Amino acid sequence: MLAQAEDAPLPLKLDRTLKRPSGSPEGSAAFINAQHVEARKNDQLEASGDVELRQSGQVISAGHLLYGQESKDVLAEGGVRLEQPGIVVTGPVLKLNLDTNVGEMAQPQFEFTENHARGAAESLQISGKTNYSFENTTFTTCAAGNDDWMLHADRLDIDRTTQVGVAHDARVDFKGVPILYTPWMDFALNSNRRSGFLSPSYGSTSMGGTEFTLPYYWNIAPNYDATIAPREIAKRGMQLNNEFRYLDPSYSGTARYEVLPGDHLTNTTRSFMSLQHAQNLGGGLGLGLNVNRASDDAYFRDLSSLISGTSQVYLLRDGALTYATGSWTGSVEVQNFQTLQDPLNPIVAPYRSQPNISLNGQQTLGDATFNFANQYVDFRHNTLVNAERMVINPSVSYPLLNDLGYYVTPKLGVHYTQYRMGANNTTGIPDATRTLPIFSVDSGMQFERDMPSFLGGNYTQTLEPRLYYVYIPYRDQSMLPIFDSAPAPFTFAQIFSENRFFGNDRIGDANMATMALTSRVIDDRDGVERFRMMLGERFSFTAPKVDMFNPASNTYPPNTYLTPVSNSNRSDILLGLGGKISNTLSMDSLIQYNPSLAQTDMYNFSTTYKPEPGKLVNLGYRLERGILHQTDISTQWPLFGHWLGVGSLSYSLLDKNAVEALAGVEYNESCWTMRFVAQTFTIATNVRSSGIFLQLELNGMGAVGFDPMEALRLNVPGYTKMNSLPGQPAQGLN
């Protein structure tokens with residue numbers, strides 16, 4: 001056993017890779033351990049028999065080794081194994097200089113220790129401890145003995161500093177069949193961002209036919225990047241998609257631009273642009289921009305492959321200057337929409353706000369809390385009546401009782417509204433003001449008790465009665481225009497609010513009390529709500545009169561089924577049931593029952609069964625009488641062997657057809673995953689779009705095909721990639 005250093009003898013170090021600071025004597029020392037070591041006349045050391053040389057982060061093992069003490073040249077033969085940070089290389093012969101770490105090896109086999117990617121080559125050139133060049137090489141992330149996919153390259157350059165691999169004259173084989181050839185390709189050895197081509201995708205849709213996309217990612221700087229993605233659509237031509245992202249301590253944003261010059265089917269240039277920007281200007285000031293524009297109404301219906309894209313109707317164009325301090329917030333906002341019309345189902349474009357100025361604040365004085373809500377909006381429209389509206393809404397609340405387990409909090413406010421009419425006032429709506437006092441009292445109690453131990457645990461049950469009263473006198477509002485008001489959905493949140501309408505154009509008269517009872521079962525072990533029951537109803541002491549009649553059109557808006565107001569002094573009954581019944585089963589439901597007609601007007605039910613990752617069933621049922629009657633089911637479930645099925649169906653019981661349907665399978669092996677998904681959905685009246693997604697994911701190399709991930713995650717809530725499931729092979733390099 002012998003230790004050799006340049007300056008002075010050093011004691012033998014027992015740690016295997018000798019991680020020492022560079023430049024120190026120990027950092028350049030070489031330690032040799034062997035059965036036999038002999039000093040030769042030409043200043044060489046010859047070692048044989050289980051030879052192991054260790055030096056500053058690397059280990060060389062061999063049957064026989066020659067080491068030049070002056071030149072620092074190493075010649076290792078017989079079962080050579082070279083271990084350097086992140087890589088292990090084996091072969092018959094290794095030549096290496098320990099000073100420069102320049103060397104070569106014949107017939108090398110290699111493995112990356114971090115991700116177990118492996119390969120073989122005719123020869124290896126080593127240039128430092130982080131740069132390797134393999135000639136006539138193969139590369140895969142499959143385990144030894146499995147060559148399901150293989151990268152063949154004339155030369156493969158590995159840079160462990162930048163964590164990048166570059167293959168020259170490369171071909172990718174899957175099951176022995178070539179699926180990709182490129183004169184040059186690079187790939188990341190880890191998940192760090194870097195410039196380069198991303199995995200290509202291809203697929204087919206009924207609206208565009210076969211399509212192919214080759215994205216290029218440009219890592220401009222640590223806080224700037226861009227993606228440029230040419231997309232060839234068989235029926236329409238070449239589309240160019242661009243996305244630029246930026247991030248700074250005081251601002252961030254995303255800009256997108258898509259263009260399809262000369263659509264083959266429409267003979268027009270089609271485009272979409274989008275900009276989202278958020279900036280902190282300092283001193284409590286902020287700036288926000290959200291600008292979107294499509295070249296035509298059918299842009300997303302024709303060019304998007306997902307229902308989330310094709311269903312877009314309003315494209316927001318919004319700019320806001322905001323202010324926030326401890327007690328006050330304010331904003332000046334300009335808002336507009338581009339309305340994408342369906343020619344078979346046209347809609348009215350919404351109003352523009354030019355501008356919308358708000359100032360809100362909250363102050364406390366003793367136990368009293370003062371709130372201030374103020375707004376000025378200039379509503380503009382090309383064909384509908386224009387107007388300016390000012391709202392001043394101060395209020396004060398004071399808790400009379402606020403002790404452990406019970407509270408009583410009255411609140412008094414005033415809602416003042418002023419309208420000044422403008423252009424397109426064809427029905428002669430006069431300028432108007434409205435002043436309404438608003439009084440409410442919110443009260444409640446909370447009781448708890450320990451439940452008997454059952455199901456292997458201890459539980460706490462709560463009983464939470466709540467009583468809410470609100471009074472707003474009646475004011476005739478039939479001559480006030482409607483810009484942003486609508487009936488609020490009848491929910492538990494709404495029945496404990498002052499106004500039964502959204503917006504400020506309608507303030508509903510009220511002399512009503514809401515009674516509700518909530519009971520929960522809490523698991524004492526983890527605080528999880530195992531069961532929840534909520535029951536509520538609102539009682540009117542005088543019949544409400546304010547409705548949604550719009551004097552500008554002499555009509556009621558469509559689908560305002562809550563107006564005209566019922567003369568019944570009882571509201572519908574709300575019943576909510578839900579909870580995480582067990583660690584594998586959860587459910588939620590809401591029932592709206594009309595006691596006057598003895599019928600259910602609204603019913604929502606959903607449940608999720610997930611016994612383990614990769615096993616998932618979602619069930620849903622939705623009913624809004626006369627508007628919506630739909631069932632939903634989605635699942636991800638192992639089939640057999642390496643196969644897993646995914647699917648979803650949303651079916652309209654009113655229209656007797658599928659609103660959206662998706663079905664597919666996944667197959668996972670140790671180093672690759674294949675997905676096949678088919679999808680169809682409604683994009684407009686009597687118009688459907690269908691698509692096929694076929695993707696082959698080579699773990700650590702990327703994926704080829706049409707990426708179905710967004711479709712799967714939108715349609716199967718809780719979906720998990722098969723190769724990310726516990727017990728399944730991970731993605732390797734990436």
# chains A, B, ... in the order shown; residues from 1 in each chain; ligands from 1
call {"tool": "residues_around", "arguments": {"residues": "segment 362-369 of chain A", "least_positions_apart": "4", "cutoff": "7 Å", "atoms": "only C-alpha atoms", "output": "VMD selection string"}}
result
chain A and resid 327 to 328 396 to 399
call {"tool": "residues_around", "arguments": {"residues": "Gln695 of chain A", "least_positions_apart": "6", "cutoff": "7 Å", "atoms": "only C-alpha atoms", "output": "MDAnalysis selection string"}}
result
chainID A and resid 674:676 703:707
call {"tool": "select_by_dssp", "arguments": {"residues": "segment 308-519 of chain A", "states": "helix (DSSP H, G or I)", "output": "list in words"}}
result
Ser308, Gly309, Thr310, Phe492, Ala493, Gln494 and Ile495 of chain A
call {"tool": "residues_around", "arguments": {"residues": "Pro343 of chain A", "least_positions_apart": "3", "cutoff": "12 Å", "atoms": "only C-alpha atoms", "output": "PyMOL selection string"}}
result
chain A and resi 297-298+339-340+346-347+684-687
call {"tool": "write_last_selection", "arguments": {"atoms": "C-alpha atoms", "output": "compact mmCIF listing (two decimals), in the first residue's frame"}}
result
# COMPACT_ATOMS: atom_id res chain seq x y z
CA ASP A 297 -64.80 35.07 -34.14
CA ALA A 298 -63.97 31.48 -35.11
CA THR A 339 -66.90 39.30 -28.13
CA LEU A 340 -66.44 36.18 -30.26
CA PRO A 346 -75.40 35.53 -31.22
CA ILE A 347 -74.99 37.34 -27.91
CA ALA A 684 -70.68 25.77 -31.18
CA THR A 685 -74.31 25.16 -31.97
CA ASN A 686 -74.48 21.90 -33.97
CA VAL A 687 -70.68 21.93 -34.40
call {"tool": "residues_around", "arguments": {"residues": "segment 278-283 of chain A", "least_positions_apart": "3", "cutoff": "10 Å", "atoms": "only C-alpha atoms", "output": "JSON, numbers by chain"}}
result
{"A": [247, 248, 249, 250, 251, 252, 253, 254, 286, 287, 288, 289, 290, 320, 321, 322, 323, 324, 325]}
call {"tool": "write_last_selection", "arguments": {"atoms": "N, CA and C atoms", "output": "PDB file, in the first residue's frame"}}
result
ATOM      1  N   LEU A 247     -39.433  38.062 -15.884  1.00  0.00           N
ATOM      2  CA  LEU A 247     -39.616  38.107 -14.437  1.00  0.00           C
ATOM      3  C   LEU A 247     -38.552  39.008 -13.832  1.00  0.00           C
ATOM      4  N   ASP A 248     -38.987  39.922 -12.988  1.00  0.00           N
ATOM      5  CA  ASP A 248     -38.098  40.854 -12.307  1.00  0.00           C
ATOM      6  C   ASP A 248     -38.631  41.045 -10.884  1.00  0.00           C
ATOM      7  N   PRO A 249     -37.804  41.463  -9.938  1.00  0.00           N
ATOM      8  CA  PRO A 249     -38.334  41.676  -8.589  1.00  0.00           C
ATOM      9  C   PRO A 249     -39.532  42.625  -8.533  1.00  0.00           C
ATOM     10  N   SER A 250     -39.652  43.540  -9.475  1.00  0.00           N
ATOM     11  CA  SER A 250     -40.747  44.510  -9.427  1.00  0.00           C
ATOM     12  C   SER A 250     -41.786  44.307 -10.522  1.00  0.00           C
ATOM     13  N   TYR A 251     -41.572  43.386 -11.477  1.00  0.00           N
ATOM     14  CA  TYR A 251     -42.569  43.173 -12.523  1.00  0.00           C
ATOM     15  C   TYR A 251     -42.407  41.781 -13.118  1.00  0.00           C
ATOM     16  N   SER A 252     -43.460  41.324 -13.769  1.00  0.00           N
ATOM     17  CA  SER A 252     -43.438  40.026 -14.445  1.00  0.00           C
ATOM     18  C   SER A 252     -44.540  40.025 -15.488  1.00  0.00           C
ATOM     19  N   GLY A 253     -44.424  39.104 -16.444  1.00  0.00           N
ATOM     20  CA  GLY A 253     -45.464  39.042 -17.449  1.00  0.00           C
ATOM     21  C   GLY A 253     -45.217  37.980 -18.492  1.00  0.00           C
ATOM     22  N   THR A 254     -46.220  37.815 -19.354  1.00  0.00           N
ATOM     23  CA  THR A 254     -46.164  36.858 -20.454  1.00  0.00           C
ATOM     24  C   THR A 254     -46.780  37.498 -21.685  1.00  0.00           C
ATOM     25  N   GLY A 286     -49.479  49.864  -7.983  1.00  0.00           N
ATOM     26  CA  GLY A 286     -49.282  48.709  -8.841  1.00  0.00           C
ATOM     27  C   GLY A 286     -49.904  48.944 -10.206  1.00  0.00           C
ATOM     28  N   LEU A 287     -49.402  48.231 -11.188  1.00  0.00           N
ATOM     29  CA  LEU A 287     -49.914  48.347 -12.547  1.00  0.00           C
ATOM     30  C   LEU A 287     -50.206  46.952 -13.070  1.00  0.00           C
ATOM     31  N   GLY A 288     -51.365  46.773 -13.694  1.00  0.00           N
ATOM     32  CA  GLY A 288     -51.729  45.487 -14.271  1.00  0.00           C
ATOM     33  C   GLY A 288     -52.298  45.658 -15.660  1.00  0.00           C
ATOM     34  N   LEU A 289     -51.881  44.791 -16.578  1.00  0.00           N
ATOM     35  CA  LEU A 289     -52.393  44.794 -17.947  1.00  0.00           C
ATOM     36  C   LEU A 289     -52.799  43.374 -18.324  1.00  0.00           C
ATOM     37  N   ASN A 290     -53.929  43.246 -18.976  1.00  0.00           N
ATOM     38  CA  ASN A 290     -54.377  41.959 -19.513  1.00  0.00           C
ATOM     39  C   ASN A 290     -55.071  42.258 -20.838  1.00  0.00           C
ATOM     40  N   ALA A 320     -55.147  48.471 -15.352  1.00  0.00           N
ATOM     41  CA  ALA A 320     -55.512  49.000 -14.039  1.00  0.00           C
ATOM     42  C   ALA A 320     -54.287  49.557 -13.332  1.00  0.00           C
ATOM     43  N   LEU A 321     -54.477  50.697 -12.707  1.00  0.00           N
ATOM     44  CA  LEU A 321     -53.508  51.289 -11.783  1.00  0.00           C
ATOM     45  C   LEU A 321     -54.093  51.149 -10.389  1.00  0.00           C
ATOM     46  N   THR A 322     -53.392  50.442  -9.503  1.00  0.00           N
ATOM     47  CA  THR A 322     -53.932  50.132  -8.185  1.00  0.00           C
ATOM     48  C   THR A 322     -53.105  50.795  -7.097  1.00  0.00           C
ATOM     49  N   TYR A 323     -53.763  50.973  -5.939  1.00  0.00           N
ATOM     50  CA  TYR A 323     -53.088  51.533  -4.770  1.00  0.00           C
ATOM     51  C   TYR A 323     -53.550  50.762  -3.548  1.00  0.00           C
ATOM     52  N   ALA A 324     -52.625  50.416  -2.676  1.00  0.00           N
ATOM     53  CA  ALA A 324     -52.966  49.684  -1.458  1.00  0.00           C
ATOM     54  C   ALA A 324     -52.091  50.162  -0.321  1.00  0.00           C
ATOM     55  N   THR A 325     -52.729  50.467   0.775  1.00  0.00           N
ATOM     56  CA  THR A 325     -52.017  50.805   1.994  1.00  0.00           C
ATOM     57  C   THR A 325     -52.666  50.034   3.124  1.00  0.00           C
TER      58      THR A 325
END
call {"tool": "residues_around", "arguments": {"residues": "Met207 of chain A", "least_positions_apart": "4", "cutoff": "10 Å", "atoms": "only C-alpha atoms", "output": "PyMOL selection string"}}
result
chain A and resi 233-236+301-305+688-691
call {"tool": "residues_around", "arguments": {"residues": "Thr720 of chain A", "least_positions_apart": "5", "cutoff": "8 Å", "atoms": "only C-alpha atoms", "output": "MDAnalysis selection string"}}
result
chainID A and resid 613:614 725
call {"tool": "write_last_selection", "arguments": {"atoms": "C-alpha atoms", "output": "JSON list (two decimals), in the first residue's frame"}}
result
[["chain", "number", "residue", "atom", "x", "y", "z"],
["A", 613, "PRO", "CA", -52.52, 7.09, -6.72],
["A", 614, "GLY", "CA", -53.50, 5.96, -10.20],
["A", 725, "LEU", "CA", -47.04, 6.93, -9.82]]
call {"tool": "decode", "arguments": {"residues": "segment 602-642 of chain A", "atoms": "N, CA and C atoms", "output": "mmCIF file, in the first residue's frame"}}
result
data_model
loop_
_atom_site.group_PDB
_atom_site.id
_atom_site.type_symbol
_atom_site.label_atom_id
_atom_site.label_comp_id
_atom_site.auth_asym_id
_atom_site.auth_seq_id
_atom_site.Cartn_x
_atom_site.Cartn_y
_atom_site.Cartn_z
ATOM 1 N N MET A 602 -82.692 22.807 -8.025
ATOM 2 C CA MET A 602 -81.267 22.689 -8.314
ATOM 3 C C MET A 602 -80.667 21.590 -7.445
ATOM 4 N N TYR A 603 -79.798 20.796 -8.063
ATOM 5 C CA TYR A 603 -79.147 19.727 -7.319
ATOM 6 C C TYR A 603 -77.770 19.494 -7.919
ATOM 7 N N ASN A 604 -76.762 19.610 -7.106
ATOM 8 C CA ASN A 604 -75.385 19.318 -7.511
ATOM 9 C C ASN A 604 -74.835 18.232 -6.603
ATOM 10 N N PHE A 605 -74.239 17.240 -7.213
ATOM 11 C CA PHE A 605 -73.632 16.157 -6.439
ATOM 12 C C PHE A 605 -72.318 15.775 -7.097
ATOM 13 N N SER A 606 -71.297 15.562 -6.274
ATOM 14 C CA SER A 606 -70.018 15.078 -6.787
ATOM 15 C C SER A 606 -69.369 14.209 -5.727
ATOM 16 N N THR A 607 -68.672 13.192 -6.196
ATOM 17 C CA THR A 607 -67.947 12.317 -5.276
ATOM 18 C C THR A 607 -66.672 11.835 -5.955
ATOM 19 N N THR A 608 -65.665 11.605 -5.156
ATOM 20 C CA THR A 608 -64.371 11.119 -5.648
ATOM 21 C C THR A 608 -63.932 9.928 -4.814
ATOM 22 N N TYR A 609 -63.621 8.857 -5.512
ATOM 23 C CA TYR A 609 -63.066 7.675 -4.863
ATOM 24 C C TYR A 609 -61.645 7.490 -5.358
ATOM 25 N N LYS A 610 -60.674 7.545 -4.435
ATOM 26 C CA LYS A 610 -59.265 7.449 -4.807
ATOM 27 C C LYS A 610 -58.545 6.605 -3.766
ATOM 28 N N PRO A 611 -58.591 5.287 -3.929
ATOM 29 C CA PRO A 611 -57.968 4.417 -2.927
ATOM 30 C C PRO A 611 -56.453 4.510 -2.913
ATOM 31 N N GLU A 612 -55.846 4.870 -4.051
ATOM 32 C CA GLU A 612 -54.401 5.025 -4.122
ATOM 33 C C GLU A 612 -54.077 5.791 -5.393
ATOM 34 N N PRO A 613 -52.876 6.370 -5.489
ATOM 35 C CA PRO A 613 -52.517 7.086 -6.720
ATOM 36 C C PRO A 613 -52.657 6.190 -7.942
ATOM 37 N N GLY A 614 -53.285 6.727 -8.984
ATOM 38 C CA GLY A 614 -53.496 5.961 -10.198
ATOM 39 C C GLY A 614 -54.823 5.238 -10.239
ATOM 40 N N LYS A 615 -55.533 5.206 -9.119
ATOM 41 C CA LYS A 615 -56.884 4.648 -9.060
ATOM 42 C C LYS A 615 -57.831 5.768 -8.646
ATOM 43 N N LEU A 616 -58.729 6.129 -9.560
ATOM 44 C CA LEU A 616 -59.526 7.330 -9.349
ATOM 45 C C LEU A 616 -60.851 7.205 -10.089
ATOM 46 N N VAL A 617 -61.949 7.541 -9.398
ATOM 47 C CA VAL A 617 -63.263 7.626 -10.031
ATOM 48 C C VAL A 617 -63.945 8.902 -9.532
ATOM 49 N N ASN A 618 -64.357 9.764 -10.457
ATOM 50 C CA ASN A 618 -65.131 10.963 -10.136
ATOM 51 C C ASN A 618 -66.534 10.805 -10.717
ATOM 52 N N LEU A 619 -67.552 11.076 -9.918
ATOM 53 C CA LEU A 619 -68.940 11.047 -10.373
ATOM 54 C C LEU A 619 -69.583 12.389 -10.071
ATOM 55 N N GLY A 620 -70.397 12.877 -10.996
ATOM 56 C CA GLY A 620 -71.069 14.151 -10.783
ATOM 57 C C GLY A 620 -72.442 14.166 -11.425
ATOM 58 N N TYR A 621 -73.344 14.922 -10.828
ATOM 59 C CA TYR A 621 -74.700 15.097 -11.359
ATOM 60 C C TYR A 621 -75.108 16.532 -11.089
ATOM 61 N N ARG A 622 -75.591 17.221 -12.142
ATOM 62 C CA ARG A 622 -75.957 18.631 -12.006
ATOM 63 C C ARG A 622 -77.334 18.866 -12.608
ATOM 64 N N LEU A 623 -78.176 19.557 -11.851
ATOM 65 C CA LEU A 623 -79.526 19.883 -12.305
ATOM 66 C C LEU A 623 -79.836 21.325 -11.964
ATOM 67 N N GLU A 624 -80.186 22.105 -12.972
ATOM 68 C CA GLU A 624 -80.796 23.419 -12.792
ATOM 69 C C GLU A 624 -82.033 23.414 -13.670
ATOM 70 N N ARG A 625 -83.180 23.341 -13.036
ATOM 71 C CA ARG A 625 -84.414 23.058 -13.765
ATOM 72 C C ARG A 625 -84.620 24.019 -14.930
ATOM 73 N N GLY A 626 -84.788 23.433 -16.113
ATOM 74 C CA GLY A 626 -85.019 24.203 -17.320
ATOM 75 C C GLY A 626 -83.775 24.751 -17.978
ATOM 76 N N ILE A 627 -82.608 24.622 -17.324
ATOM 77 C CA ILE A 627 -81.374 25.194 -17.865
ATOM 78 C C ILE A 627 -80.307 24.127 -18.093
ATOM 79 N N LEU A 628 -80.098 23.283 -17.095
ATOM 80 C CA LEU A 628 -79.006 22.314 -17.152
ATOM 81 C C LEU A 628 -79.436 21.023 -16.494
ATOM 82 N N HIS A 629 -79.133 19.906 -17.156
ATOM 83 C CA HIS A 629 -79.366 18.588 -16.571
ATOM 84 C C HIS A 629 -78.271 17.683 -17.123
ATOM 85 N N GLN A 630 -77.244 17.422 -16.334
ATOM 86 C CA GLN A 630 -76.030 16.818 -16.883
ATOM 87 C C GLN A 630 -75.415 15.854 -15.883
ATOM 88 N N THR A 631 -74.847 14.782 -16.417
ATOM 89 C CA THR A 631 -74.076 13.847 -15.608
ATOM 90 C C THR A 631 -72.623 13.883 -16.057
ATOM 91 N N ASP A 632 -71.720 13.644 -15.115
ATOM 92 C CA ASP A 632 -70.289 13.649 -15.400
ATOM 93 C C ASP A 632 -69.646 12.439 -14.726
ATOM 94 N N ILE A 633 -68.793 11.787 -15.460
ATOM 95 C CA ILE A 633 -68.003 10.694 -14.897
ATOM 96 C C ILE A 633 -66.614 10.749 -15.496
ATOM 97 N N SER A 634 -65.623 10.524 -14.670
ATOM 98 C CA SER A 634 -64.240 10.459 -15.154
ATOM 99 C C SER A 634 -63.480 9.464 -14.298
ATOM 100 N N THR A 635 -62.481 8.833 -14.903
ATOM 101 C CA THR A 635 -61.761 7.800 -14.170
ATOM 102 C C THR A 635 -60.349 7.637 -14.708
ATOM 103 N N GLN A 636 -59.498 7.163 -13.847
ATOM 104 C CA GLN A 636 -58.168 6.660 -14.179
ATOM 105 C C GLN A 636 -58.008 5.375 -13.383
ATOM 106 N N TRP A 637 -57.756 4.264 -14.064
ATOM 107 C CA TRP A 637 -57.774 2.980 -13.351
ATOM 108 C C TRP A 637 -56.871 1.971 -14.056
ATOM 109 N N PRO A 638 -56.088 1.203 -13.282
ATOM 110 C CA PRO A 638 -55.283 0.137 -13.902
ATOM 111 C C PRO A 638 -56.179 -0.904 -14.555
ATOM 112 N N LEU A 639 -55.769 -1.368 -15.722
ATOM 113 C CA LEU A 639 -56.529 -2.386 -16.440
ATOM 114 C C LEU A 639 -55.941 -3.760 -16.181
ATOM 115 N N PHE A 640 -54.753 -4.005 -16.691
ATOM 116 C CA PHE A 640 -54.045 -5.262 -16.443
ATOM 117 C C PHE A 640 -52.599 -5.035 -16.822
ATOM 118 N N GLY A 641 -51.719 -5.765 -16.146
ATOM 119 C CA GLY A 641 -50.299 -5.633 -16.447
ATOM 120 C C GLY A 641 -49.835 -4.197 -16.368
ATOM 121 N N HIS A 642 -49.244 -3.720 -17.455
ATOM 122 C CA HIS A 642 -48.715 -2.368 -17.510
ATOM 123 C C HIS A 642 -49.726 -1.368 -18.099
#
